[in-house]
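Input: a single structure, listed below in structure tokens.
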Amino acid sequence: MQEQKGKYEGLQHDELGIKIRSNDNPYQSVDPQKKLLQPRRLSSYFIVLIESGSITYNIDLQDFTLTDGHLLFAMPNQILTPPAKTDNLK
């Protein structure tokens, strides 16, 4: 029996008829920073102590601004929107 050529030549998996023409990803990559700043449901307790500086967290659609000496305590299943990184924050 002769090997068939033509239409199916170059297939990577002959039984399924799959052929890859490019290794390029057709989808745009998501900026990792944007992905990190997306709201998410907490799966554990979240505790933040601010020694110095100021930052605003959004928990369950409510903003909480923390400054020197403030403590934030969030519980599992609350929705947290992380703030963008701020300079001079401890």
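Residues in the structure tokens are numbered from 1 in each chain, the chains being A, B, ... in the order shown, and ligands are numbered from 1 in the order shown.
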**Report entry** Residues within 7 Å of segment 50-60 of chain A, only C-alpha atoms, excluding chain neighbours under 6 positions, as a ChimeraX atom specification
**Finding:** /A:66-71,78-83,88-90
Report task. Could you tell me how far atom CA of Val48 of chain A lies from atom CA of Ala74 of chain A, in Å and to one decimal? Result -> 8.9 Å
Query raised in the report: Between atom CA of Lys35 of chain A and atom CA of Pro76 of chain A, what is the spacing in Å?
Result: 20.1 Å
Query raised in the report: What is the atom CA of Asp31 of chain A to atom CA of Met75 of chain A distance in Å?
Result: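 Straight-line distance from atom CA of Asp31 of chain A to atom CA of Met75 of chain A works out to 27.8 Å.
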Residues of segment 31-75 of chain A in alpha helix (DSSP H), written as an mmCIF file with all heavy atoms, in the first residue's frame:
```cif
data_model
loop_
_atom_site.group_PDB
_atom_site.id
_atom_site.type_symbol
_atom_site.label_atom_id
_atom_site.label_comp_id
_atom_site.auth_asym_id
_atom_site.auth_seq_id
_atom_site.Cartn_x
_atom_site.Cartn_y
_atom_site.Cartn_z
ATOM 1 N N PRO A 32 -0.005 41.552 33.615
ATOM 2 C CA PRO A 32 -0.051 40.914 34.942
ATOM 3 C C PRO A 32 -0.486 41.865 36.054
ATOM 4 O O PRO A 32 -1.193 41.470 36.963
ATOM 5 C CB PRO A 32 1.382 40.441 35.166
ATOM 6 C CG PRO A 32 1.984 40.359 33.812
ATOM 7 C CD PRO A 32 1.283 41.394 32.975
ATOM 8 N N GLN A 33 -0.091 43.134 35.968
ATOM 9 C CA GLN A 33 -0.477 44.090 37.005
ATOM 10 C C GLN A 33 -1.992 44.286 37.010
ATOM 11 O O GLN A 33 -2.607 44.328 38.067
ATOM 12 C CB GLN A 33 0.235 45.425 36.775
ATOM 13 C CG GLN A 33 -0.051 46.462 37.828
ATOM 14 C CD GLN A 33 0.503 46.104 39.205
ATOM 15 O OE1 GLN A 33 1.378 45.259 39.332
ATOM 16 N NE2 GLN A 33 0.004 46.743 40.218
ATOM 17 N N LYS A 34 -2.616 44.381 35.835
ATOM 18 C CA LYS A 34 -4.074 44.540 35.771
ATOM 19 C C LYS A 34 -4.775 43.315 36.350
ATOM 20 O O LYS A 34 -5.789 43.430 37.012
ATOM 21 C CB LYS A 34 -4.523 44.758 34.328
ATOM 22 C CG LYS A 34 -4.226 46.125 33.798
ATOM 23 C CD LYS A 34 -4.760 46.272 32.397
ATOM 24 C CE LYS A 34 -4.434 47.633 31.840
ATOM 25 N NZ LYS A 34 -4.901 47.783 30.466
ATOM 26 N N LYS A 35 -4.230 42.145 36.071
ATOM 27 C CA LYS A 35 -4.832 40.919 36.586
ATOM 28 C C LYS A 35 -4.758 40.876 38.113
ATOM 29 O O LYS A 35 -5.691 40.446 38.781
ATOM 30 C CB LYS A 35 -4.143 39.702 35.984
ATOM 31 C CG LYS A 35 -4.840 38.419 36.285
ATOM 32 C CD LYS A 35 -4.256 37.271 35.525
ATOM 33 C CE LYS A 35 -5.049 36.014 35.796
ATOM 34 N NZ LYS A 35 -4.565 34.885 35.034
ATOM 35 N N LEU A 36 -3.635 41.324 38.683
ATOM 36 C CA LEU A 36 -3.478 41.323 40.138
ATOM 37 C C LEU A 36 -4.431 42.301 40.818
ATOM 38 O O LEU A 36 -4.790 42.112 41.974
ATOM 39 C CB LEU A 36 -2.041 41.671 40.514
ATOM 40 C CG LEU A 36 -0.996 40.607 40.229
ATOM 41 C CD1 LEU A 36 0.400 41.149 40.510
ATOM 42 C CD2 LEU A 36 -1.252 39.359 41.049
#
```
